[in-house]
Every structure is written in structure tokens, then in C-alpha cells.
$ cat target_20.cif   # mmCIF, N, CA and C atoms
data_input
loop_
_atom_site.label_atom_id
_atom_site.label_comp_id
_atom_site.auth_asym_id
_atom_site.auth_seq_id
_atom_site.Cartn_x
_atom_site.Cartn_y
_atom_site.Cartn_z
N MET V 988 0.84 -1.16 0.00
CA MET V 988 0.00 0.00 0.00
C MET V 988 0.89 1.24 0.00
N PRO V 989 0.66 2.19 -0.90
CA PRO V 989 1.50 3.40 -0.95
C PRO V 989 1.13 4.38 0.17
N ILE V 990 2.08 5.23 0.49
CA ILE V 990 1.85 6.33 1.42
C ILE V 990 1.89 7.60 0.58
N ILE V 991 0.80 8.35 0.57
CA ILE V 991 0.71 9.57 -0.24
C ILE V 991 0.60 10.77 0.70
N LEU V 992 1.53 11.71 0.55
CA LEU V 992 1.58 12.89 1.41
C LEU V 992 1.53 14.14 0.54
N ASP V 993 0.54 14.98 0.76
CA ASP V 993 0.34 16.18 -0.06
C ASP V 993 0.60 17.43 0.79
N GLU V 994 1.71 18.10 0.54
CA GLU V 994 2.11 19.32 1.26
C GLU V 994 2.09 19.12 2.78
N THR V 995 2.38 17.93 3.21
CA THR V 995 2.35 17.59 4.62
C THR V 995 3.40 18.33 5.44
N PHE V 996 4.53 18.65 4.82
CA PHE V 996 5.66 19.21 5.56
C PHE V 996 5.86 20.70 5.31
N ALA V 997 4.84 21.38 4.87
CA ALA V 997 4.95 22.80 4.52
C ALA V 997 5.42 23.66 5.69
N TYR V 998 5.04 23.30 6.90
CA TYR V 998 5.40 24.11 8.06
C TYR V 998 6.53 23.51 8.89
N PHE V 999 7.18 22.48 8.36
CA PHE V 999 8.33 21.88 9.06
C PHE V 999 9.56 22.75 8.82
N ASP V 1000 10.40 22.90 9.85
CA ASP V 1000 11.70 23.53 9.61
C ASP V 1000 12.60 22.50 8.94
N ASP V 1001 13.76 22.94 8.47
CA ASP V 1001 14.63 22.05 7.70
C ASP V 1001 15.09 20.83 8.51
N GLU V 1002 15.35 21.00 9.79
CA GLU V 1002 15.81 19.87 10.60
C GLU V 1002 14.71 18.83 10.77
N ARG V 1003 13.50 19.25 11.03
CA ARG V 1003 12.38 18.31 11.13
C ARG V 1003 12.12 17.62 9.79
N LEU V 1004 12.20 18.39 8.72
CA LEU V 1004 12.00 17.81 7.39
C LEU V 1004 13.06 16.75 7.11
N LYS V 1005 14.29 17.05 7.43
CA LYS V 1005 15.38 16.08 7.25
C LYS V 1005 15.09 14.80 8.02
N ASN V 1006 14.66 14.93 9.28
CA ASN V 1006 14.38 13.75 10.10
C ASN V 1006 13.22 12.92 9.56
N ILE V 1007 12.17 13.58 9.11
CA ILE V 1007 11.03 12.81 8.58
C ILE V 1007 11.37 12.15 7.25
N LEU V 1008 12.20 12.79 6.44
CA LEU V 1008 12.62 12.16 5.19
C LEU V 1008 13.49 10.94 5.45
N LEU V 1009 14.33 10.99 6.47
CA LEU V 1009 15.11 9.81 6.85
C LEU V 1009 14.18 8.69 7.32
N PHE V 1010 13.18 9.03 8.10
CA PHE V 1010 12.21 8.04 8.56
C PHE V 1010 11.45 7.43 7.38
N LEU V 1011 10.97 8.29 6.48
CA LEU V 1011 10.24 7.78 5.31
C LEU V 1011 11.12 6.91 4.44
N ASN V 1012 12.39 7.25 4.35
CA ASN V 1012 13.31 6.41 3.58
C ASN V 1012 13.38 5.01 4.17
N SER V 1013 13.35 4.90 5.49
CA SER V 1013 13.37 3.57 6.11
C SER V 1013 12.08 2.79 5.82
N LYS V 1014 10.97 3.51 5.64
CA LYS V 1014 9.70 2.86 5.32
C LYS V 1014 9.56 2.54 3.83
N ALA V 1015 10.41 3.15 3.00
CA ALA V 1015 10.31 2.96 1.55
C ALA V 1015 10.65 1.54 1.13
N LYS V 1016 11.25 0.77 2.00
CA LYS V 1016 11.53 -0.63 1.69
C LYS V 1016 10.24 -1.46 1.69
N GLU V 1017 9.24 -0.97 2.43
CA GLU V 1017 7.97 -1.69 2.57
C GLU V 1017 6.82 -1.04 1.81
N HIS V 1018 6.93 0.27 1.56
CA HIS V 1018 5.83 1.03 0.96
C HIS V 1018 6.37 1.98 -0.10
N GLN V 1019 5.57 2.24 -1.10
CA GLN V 1019 5.88 3.30 -2.04
C GLN V 1019 5.50 4.61 -1.37
N ILE V 1020 6.41 5.59 -1.38
CA ILE V 1020 6.16 6.89 -0.75
C ILE V 1020 6.00 7.92 -1.87
N ILE V 1021 4.88 8.62 -1.86
CA ILE V 1021 4.62 9.66 -2.86
C ILE V 1021 4.47 10.98 -2.12
N LEU V 1022 5.37 11.93 -2.41
CA LEU V 1022 5.33 13.26 -1.80
C LEU V 1022 4.89 14.25 -2.87
N LEU V 1023 3.85 15.00 -2.57
CA LEU V 1023 3.41 16.07 -3.46
C LEU V 1023 3.78 17.39 -2.79
N THR V 1024 4.47 18.25 -3.52
CA THR V 1024 4.92 19.51 -2.95
C THR V 1024 5.05 20.56 -4.04
N CYS V 1025 4.97 21.82 -3.64
CA CYS V 1025 5.15 22.91 -4.61
C CYS V 1025 6.53 23.55 -4.47
N THR V 1026 7.38 22.99 -3.60
CA THR V 1026 8.73 23.52 -3.42
C THR V 1026 9.75 22.47 -3.82
N LYS V 1027 11.01 22.88 -3.88
CA LYS V 1027 12.09 21.94 -4.17
C LYS V 1027 12.94 21.68 -2.93
N ARG V 1028 12.43 22.09 -1.77
CA ARG V 1028 13.14 21.90 -0.51
C ARG V 1028 13.36 20.42 -0.21
N GLU V 1029 12.33 19.61 -0.40
CA GLU V 1029 12.45 18.17 -0.16
C GLU V 1029 13.50 17.56 -1.09
N LYS V 1030 13.49 17.98 -2.33
CA LYS V 1030 14.46 17.47 -3.31
C LYS V 1030 15.88 17.78 -2.87
N GLN V 1031 16.13 18.99 -2.41
CA GLN V 1031 17.47 19.38 -1.99
C GLN V 1031 17.93 18.57 -0.78
N ILE V 1032 17.04 18.35 0.16
CA ILE V 1032 17.41 17.58 1.34
C ILE V 1032 17.65 16.12 0.97
N LEU V 1033 16.83 15.55 0.11
CA LEU V 1033 17.06 14.17 -0.35
C LEU V 1033 18.41 14.04 -1.03
N GLU V 1034 18.78 15.02 -1.83
CA GLU V 1034 20.09 14.99 -2.48
C GLU V 1034 21.21 15.13 -1.47
N ASP V 1035 21.05 16.02 -0.50
CA ASP V 1035 22.07 16.19 0.54
C ASP V 1035 22.28 14.91 1.34
N LEU V 1036 21.20 14.18 1.58
CA LEU V 1036 21.26 12.93 2.33
C LEU V 1036 21.63 11.73 1.46
N LYS V 1037 21.76 11.97 0.16
CA LYS V 1037 22.08 10.89 -0.80
C LYS V 1037 21.04 9.77 -0.77
N ILE V 1038 19.78 10.16 -0.70
CA ILE V 1038 18.67 9.21 -0.73
C ILE V 1038 18.17 9.14 -2.17
N ASP V 1039 18.05 7.94 -2.69
CA ASP V 1039 17.53 7.74 -4.05
C ASP V 1039 16.05 8.11 -4.10
N TYR V 1040 15.67 8.79 -5.14
CA TYR V 1040 14.27 9.18 -5.33
C TYR V 1040 14.02 9.39 -6.82
N GLN V 1041 12.77 9.45 -7.18
CA GLN V 1041 12.38 9.76 -8.54
C GLN V 1041 11.58 11.05 -8.50
N TRP V 1042 11.97 12.03 -9.30
CA TRP V 1042 11.35 13.34 -9.32
C TRP V 1042 10.49 13.46 -10.58
N ILE V 1043 9.23 13.80 -10.40
CA ILE V 1043 8.34 14.03 -11.54
C ILE V 1043 7.78 15.43 -11.38
N GLU V 1044 8.06 16.28 -12.34
CA GLU V 1044 7.58 17.66 -12.29
C GLU V 1044 6.38 17.80 -13.20
N MET V 1045 5.33 18.42 -12.69
CA MET V 1045 4.10 18.57 -13.46
C MET V 1045 3.84 20.03 -13.74
#

$ encode --input "target_20.cif" --output "C-alpha cells"
Amino acid sequence: MPIILDETFAYFDDERLKNILLFLNSKAKEHQIILLTCTKREKQILEDLKIDYQWIEM
């Protein structure tokens, strides 16, 4: 079952966002994680953490 999050982290500071992305990465082995966002902040943090992801821009 996928986990779909739509603008869930809009009010997170960068440290909290980093921690939740690390947590979600650990869950990605069991679930597909779909993040919907209007910023590129998540993308930058994923790159900084060297976490594999697929980016689709609409």
C-alpha cells in the first residue's frame, strides 16, 4: 500500500524535514512513498542525504 503525502511538511523547519525524510526512507523498503509539494526543498534535502528518489515535475 502506498503512502501519499500532499504538502504535509509545509510548516516543518529544515531539521524536522530532514528527520522525517530519513524516517520515510526507512519505510520505503515496505511502501511506495509519494510526496506532493510545490517547493524543491524536499528534493534538496534528499540529495544532501544521498537518498535515491524519482522526481516528476508537473

$ resolve_selection --input "target_20.cif" --expression "the PyMOL selection byres ((chain V and resi 990-997) around 6)" --output "list in words"
Met988, Pro989, Tyr998, Phe999, His1018, Gln1019, Ile1020, Ile1021, Leu1022, Leu1023 and Thr1024 of chain V

$ axis_aligned_box --input "target_20.cif" --around "segment 1024-1043 of chain V" --padding-each-side "8 Å" --output "AutoDock Vina command-line options"
--center_x 13.4 --center_y 15.6 --center_z -4.6 --size_x 33.8 --size_y 31.8 --size_z 29.9

$ atom_distance --input "target_20.cif" --atom1 "atom CA of Glu1029 of chain V" --atom2 "atom C of Phe1010 of chain V"
13.2 Å

$ atom_distance --input "target_20.cif" --atom1 "atom CA of Asn1006 of chain V" --atom2 "atom C of Met1045 of chain V"
26.8 Å

$ closest_residue --input "target_20.cif" --among "V:Asp1000, V:Asn1012, V:Lys1005, V:Lys1027" --to "Tyr1040 of chain V" --atoms "only C-alpha atoms"
V:Asn1012

$ closest_residue --input "target_20.cif" --among "V:Ile1032, V:Cys1025, V:Asp1039, V:Lys1016" --to "Arg1003 of chain V" --atoms "only C-alpha atoms"
V:Ile1032

$ atom_distance --input "target_20.cif" --atom1 "atom N of Glu1002 of chain V" --atom2 "atom C of Ala1015 of chain V"
21.8 Å

$ select_by_dssp --input "target_20.cif" --residues "segment 1007-1043 of chain V" --states "strand (DSSP E)" --output "ChimeraX atom specification"
/V:1020-1023

$ decode --input "target_20.cif" --residues "segment 991-1007 of chain V" --atoms "all heavy atoms" --output "PDB file, in the first residue's frame"
ATOM      1  N   ILE V 991       0.804   8.351   0.571  1.00  0.00           N
ATOM      2  CA  ILE V 991       0.712   9.570  -0.241  1.00  0.00           C
ATOM      3  C   ILE V 991       0.600  10.765   0.704  1.00  0.00           C
ATOM      4  O   ILE V 991      -0.300  10.821   1.541  1.00  0.00           O
ATOM      5  CB  ILE V 991      -0.502   9.516  -1.192  1.00  0.00           C
ATOM      6  CG1 ILE V 991      -0.387   8.288  -2.098  1.00  0.00           C
ATOM      7  CG2 ILE V 991      -0.594  10.811  -2.010  1.00  0.00           C
ATOM      8  CD1 ILE V 991      -1.616   8.014  -2.934  1.00  0.00           C
ATOM      9  N   LEU V 992       1.528  11.711   0.552  1.00  0.00           N
ATOM     10  CA  LEU V 992       1.583  12.894   1.415  1.00  0.00           C
ATOM     11  C   LEU V 992       1.530  14.135   0.536  1.00  0.00           C
ATOM     12  O   LEU V 992       2.388  14.338  -0.316  1.00  0.00           O
ATOM     13  CB  LEU V 992       2.867  12.872   2.242  1.00  0.00           C
ATOM     14  CG  LEU V 992       3.054  11.628   3.098  1.00  0.00           C
ATOM     15  CD1 LEU V 992       4.491  11.519   3.584  1.00  0.00           C
ATOM     16  CD2 LEU V 992       2.101  11.642   4.268  1.00  0.00           C
ATOM     17  N   ASP V 993       0.538  14.977   0.759  1.00  0.00           N
ATOM     18  CA  ASP V 993       0.340  16.178  -0.057  1.00  0.00           C
ATOM     19  C   ASP V 993       0.598  17.426   0.788  1.00  0.00           C
ATOM     20  O   ASP V 993      -0.194  17.755   1.670  1.00  0.00           O
ATOM     21  CB  ASP V 993      -1.077  16.196  -0.619  1.00  0.00           C
ATOM     22  CG  ASP V 993      -1.330  17.352  -1.563  1.00  0.00           C
ATOM     23  OD1 ASP V 993      -0.374  18.061  -1.948  1.00  0.00           O
ATOM     24  OD2 ASP V 993      -2.494  17.553  -1.924  1.00  0.00           O
ATOM     25  N   GLU V 994       1.711  18.095   0.541  1.00  0.00           N
ATOM     26  CA  GLU V 994       2.107  19.318   1.262  1.00  0.00           C
ATOM     27  C   GLU V 994       2.089  19.121   2.778  1.00  0.00           C
ATOM     28  O   GLU V 994       1.830  20.044   3.527  1.00  0.00           O
ATOM     29  CB  GLU V 994       1.212  20.498   0.876  1.00  0.00           C
ATOM     30  CG  GLU V 994       1.471  21.038  -0.502  1.00  0.00           C
ATOM     31  CD  GLU V 994       2.860  21.632  -0.687  1.00  0.00           C
ATOM     32  OE1 GLU V 994       3.472  22.123   0.279  1.00  0.00           O
ATOM     33  OE2 GLU V 994       3.344  21.595  -1.822  1.00  0.00           O
ATOM     34  N   THR V 995       2.384  17.929   3.211  1.00  0.00           N
ATOM     35  CA  THR V 995       2.345  17.586   4.623  1.00  0.00           C
ATOM     36  C   THR V 995       3.404  18.330   5.437  1.00  0.00           C
ATOM     37  O   THR V 995       3.196  18.629   6.612  1.00  0.00           O
ATOM     38  CB  THR V 995       2.550  16.063   4.792  1.00  0.00           C
ATOM     39  OG1 THR V 995       1.590  15.396   3.989  1.00  0.00           O
ATOM     40  CG2 THR V 995       2.405  15.640   6.226  1.00  0.00           C
ATOM     41  N   PHE V 996       4.532  18.651   4.818  1.00  0.00           N
ATOM     42  CA  PHE V 996       5.663  19.207   5.563  1.00  0.00           C
ATOM     43  C   PHE V 996       5.861  20.701   5.314  1.00  0.00           C
ATOM     44  O   PHE V 996       6.932  21.239   5.560  1.00  0.00           O
ATOM     45  CB  PHE V 996       6.931  18.443   5.205  1.00  0.00           C
ATOM     46  CG  PHE V 996       6.746  16.947   5.259  1.00  0.00           C
ATOM     47  CD1 PHE V 996       6.979  16.163   4.146  1.00  0.00           C
ATOM     48  CD2 PHE V 996       6.308  16.333   6.421  1.00  0.00           C
ATOM     49  CE1 PHE V 996       6.797  14.792   4.195  1.00  0.00           C
ATOM     50  CE2 PHE V 996       6.113  14.968   6.481  1.00  0.00           C
ATOM     51  CZ  PHE V 996       6.359  14.191   5.360  1.00  0.00           C
ATOM     52  N   ALA V 997       4.839  21.384   4.874  1.00  0.00           N
ATOM     53  CA  ALA V 997       4.947  22.801   4.523  1.00  0.00           C
ATOM     54  C   ALA V 997       5.417  23.662   5.692  1.00  0.00           C
ATOM     55  O   ALA V 997       6.134  24.638   5.490  1.00  0.00           O
ATOM     56  CB  ALA V 997       3.610  23.317   3.999  1.00  0.00           C
ATOM     57  N   TYR V 998       5.042  23.298   6.901  1.00  0.00           N
ATOM     58  CA  TYR V 998       5.397  24.111   8.065  1.00  0.00           C
ATOM     59  C   TYR V 998       6.530  23.514   8.892  1.00  0.00           C
ATOM     60  O   TYR V 998       6.811  23.993   9.983  1.00  0.00           O
ATOM     61  CB  TYR V 998       4.159  24.343   8.941  1.00  0.00           C
ATOM     62  CG  TYR V 998       3.108  25.141   8.219  1.00  0.00           C
ATOM     63  CD1 TYR V 998       1.946  24.530   7.745  1.00  0.00           C
ATOM     64  CD2 TYR V 998       3.284  26.495   7.968  1.00  0.00           C
ATOM     65  CE1 TYR V 998       0.992  25.265   7.060  1.00  0.00           C
ATOM     66  CE2 TYR V 998       2.332  27.238   7.282  1.00  0.00           C
ATOM     67  CZ  TYR V 998       1.190  26.608   6.840  1.00  0.00           C
ATOM     68  OH  TYR V 998       0.248  27.340   6.157  1.00  0.00           O
ATOM     69  N   PHE V 999       7.185  22.476   8.363  1.00  0.00           N
ATOM     70  CA  PHE V 999       8.333  21.885   9.055  1.00  0.00           C
ATOM     71  C   PHE V 999       9.561  22.751   8.818  1.00  0.00           C
ATOM     72  O   PHE V 999       9.777  23.241   7.709  1.00  0.00           O
ATOM     73  CB  PHE V 999       8.627  20.487   8.513  1.00  0.00           C
ATOM     74  CG  PHE V 999       7.769  19.390   9.080  1.00  0.00           C
ATOM     75  CD1 PHE V 999       6.448  19.587   9.404  1.00  0.00           C
ATOM     76  CD2 PHE V 999       8.295  18.133   9.267  1.00  0.00           C
ATOM     77  CE1 PHE V 999       5.660  18.572   9.907  1.00  0.00           C
ATOM     78  CE2 PHE V 999       7.525  17.103   9.774  1.00  0.00           C
ATOM     79  CZ  PHE V 999       6.209  17.322  10.103  1.00  0.00           C
ATOM     80  N   ASP V1000      10.400  22.900   9.847  1.00  0.00           N
ATOM     81  CA  ASP V1000      11.696  23.535   9.607  1.00  0.00           C
ATOM     82  C   ASP V1000      12.600  22.497   8.938  1.00  0.00           C
ATOM     83  O   ASP V1000      12.245  21.319   8.829  1.00  0.00           O
ATOM     84  CB  ASP V1000      12.297  24.083  10.908  1.00  0.00           C
ATOM     85  CG  ASP V1000      12.569  23.011  11.959  1.00  0.00           C
ATOM     86  OD1 ASP V1000      12.990  21.906  11.613  1.00  0.00           O
ATOM     87  OD2 ASP V1000      12.351  23.305  13.148  1.00  0.00           O
ATOM     88  N   ASP V1001      13.762  22.939   8.475  1.00  0.00           N
ATOM     89  CA  ASP V1001      14.631  22.047   7.705  1.00  0.00           C
ATOM     90  C   ASP V1001      15.094  20.828   8.505  1.00  0.00           C
ATOM     91  O   ASP V1001      15.216  19.735   7.951  1.00  0.00           O
ATOM     92  CB  ASP V1001      15.839  22.809   7.164  1.00  0.00           C
ATOM     93  CG  ASP V1001      15.473  23.744   6.026  1.00  0.00           C
ATOM     94  OD1 ASP V1001      14.348  23.639   5.484  1.00  0.00           O
ATOM     95  OD2 ASP V1001      16.323  24.583   5.661  1.00  0.00           O
ATOM     96  N   GLU V1002      15.349  20.997   9.785  1.00  0.00           N
ATOM     97  CA  GLU V1002      15.811  19.871  10.604  1.00  0.00           C
ATOM     98  C   GLU V1002      14.710  18.827  10.768  1.00  0.00           C
ATOM     99  O   GLU V1002      14.954  17.620  10.650  1.00  0.00           O
ATOM    100  CB  GLU V1002      16.288  20.368  11.972  1.00  0.00           C
ATOM    101  CG  GLU V1002      16.992  19.317  12.790  1.00  0.00           C
ATOM    102  CD  GLU V1002      18.291  18.820  12.176  1.00  0.00           C
ATOM    103  OE1 GLU V1002      18.934  19.559  11.408  1.00  0.00           O
ATOM    104  OE2 GLU V1002      18.661  17.666  12.460  1.00  0.00           O
ATOM    105  N   ARG V1003      13.502  19.255  11.028  1.00  0.00           N
ATOM    106  CA  ARG V1003      12.379  18.307  11.135  1.00  0.00           C
ATOM    107  C   ARG V1003      12.119  17.623   9.795  1.00  0.00           C
ATOM    108  O   ARG V1003      11.809  16.433   9.750  1.00  0.00           O
ATOM    109  CB  ARG V1003      11.126  19.021  11.623  1.00  0.00           C
ATOM    110  CG  ARG V1003      11.165  19.333  13.085  1.00  0.00           C
ATOM    111  CD  ARG V1003       9.818  19.823  13.580  1.00  0.00           C
ATOM    112  NE  ARG V1003       9.850  19.988  15.015  1.00  0.00           N
ATOM    113  CZ  ARG V1003       9.966  21.153  15.629  1.00  0.00           C
ATOM    114  NH1 ARG V1003      10.034  22.265  14.926  1.00  0.00           N
ATOM    115  NH2 ARG V1003       9.996  21.216  16.945  1.00  0.00           N
ATOM    116  N   LEU V1004      12.205  18.389   8.721  1.00  0.00           N
ATOM    117  CA  LEU V1004      12.003  17.806   7.395  1.00  0.00           C
ATOM    118  C   LEU V1004      13.064  16.748   7.107  1.00  0.00           C
ATOM    119  O   LEU V1004      12.752  15.666   6.611  1.00  0.00           O
ATOM    120  CB  LEU V1004      12.017  18.899   6.325  1.00  0.00           C
ATOM    121  CG  LEU V1004      11.832  18.431   4.895  1.00  0.00           C
ATOM    122  CD1 LEU V1004      10.527  17.657   4.716  1.00  0.00           C
ATOM    123  CD2 LEU V1004      11.877  19.625   3.944  1.00  0.00           C
ATOM    124  N   LYS V1005      14.292  17.048   7.432  1.00  0.00           N
ATOM    125  CA  LYS V1005      15.378  16.079   7.247  1.00  0.00           C
ATOM    126  C   LYS V1005      15.087  14.799   8.022  1.00  0.00           C
ATOM    127  O   LYS V1005      15.201  13.692   7.483  1.00  0.00           O
ATOM    128  CB  LYS V1005      16.695  16.690   7.717  1.00  0.00           C
ATOM    129  CG  LYS V1005      17.863  15.747   7.698  1.00  0.00           C
ATOM    130  CD  LYS V1005      19.087  16.438   8.266  1.00  0.00           C
ATOM    131  CE  LYS V1005      20.146  15.429   8.623  1.00  0.00           C
ATOM    132  NZ  LYS V1005      21.282  16.042   9.298  1.00  0.00           N
ATOM    133  N   ASN V1006      14.661  14.934   9.278  1.00  0.00           N
ATOM    134  CA  ASN V1006      14.384  13.753  10.104  1.00  0.00           C
ATOM    135  C   ASN V1006      13.219  12.925   9.561  1.00  0.00           C
ATOM    136  O   ASN V1006      13.285  11.696   9.552  1.00  0.00           O
ATOM    137  CB  ASN V1006      14.110  14.173  11.546  1.00  0.00           C
ATOM    138  CG  ASN V1006      15.366  14.635  12.246  1.00  0.00           C
ATOM    139  OD1 ASN V1006      16.461  14.219  11.913  1.00  0.00           O
ATOM    140  ND2 ASN V1006      15.202  15.509  13.214  1.00  0.00           N
ATOM    141  N   ILE V1007      12.169  13.578   9.107  1.00  0.00           N
ATOM    142  CA  ILE V1007      11.028  12.814   8.584  1.00  0.00           C
ATOM    143  C   ILE V1007      11.375  12.154   7.251  1.00  0.00           C
ATOM    144  O   ILE V1007      10.916  11.038   6.969  1.00  0.00           O
ATOM    145  CB  ILE V1007       9.740  13.674   8.485  1.00  0.00           C
ATOM    146  CG1 ILE V1007       8.502  12.785   8.305  1.00  0.00           C
ATOM    147  CG2 ILE V1007       9.814  14.680   7.359  1.00  0.00           C
ATOM    148  CD1 ILE V1007       8.167  11.918   9.471  1.00  0.00           C
TER     149      ILE V1007
END
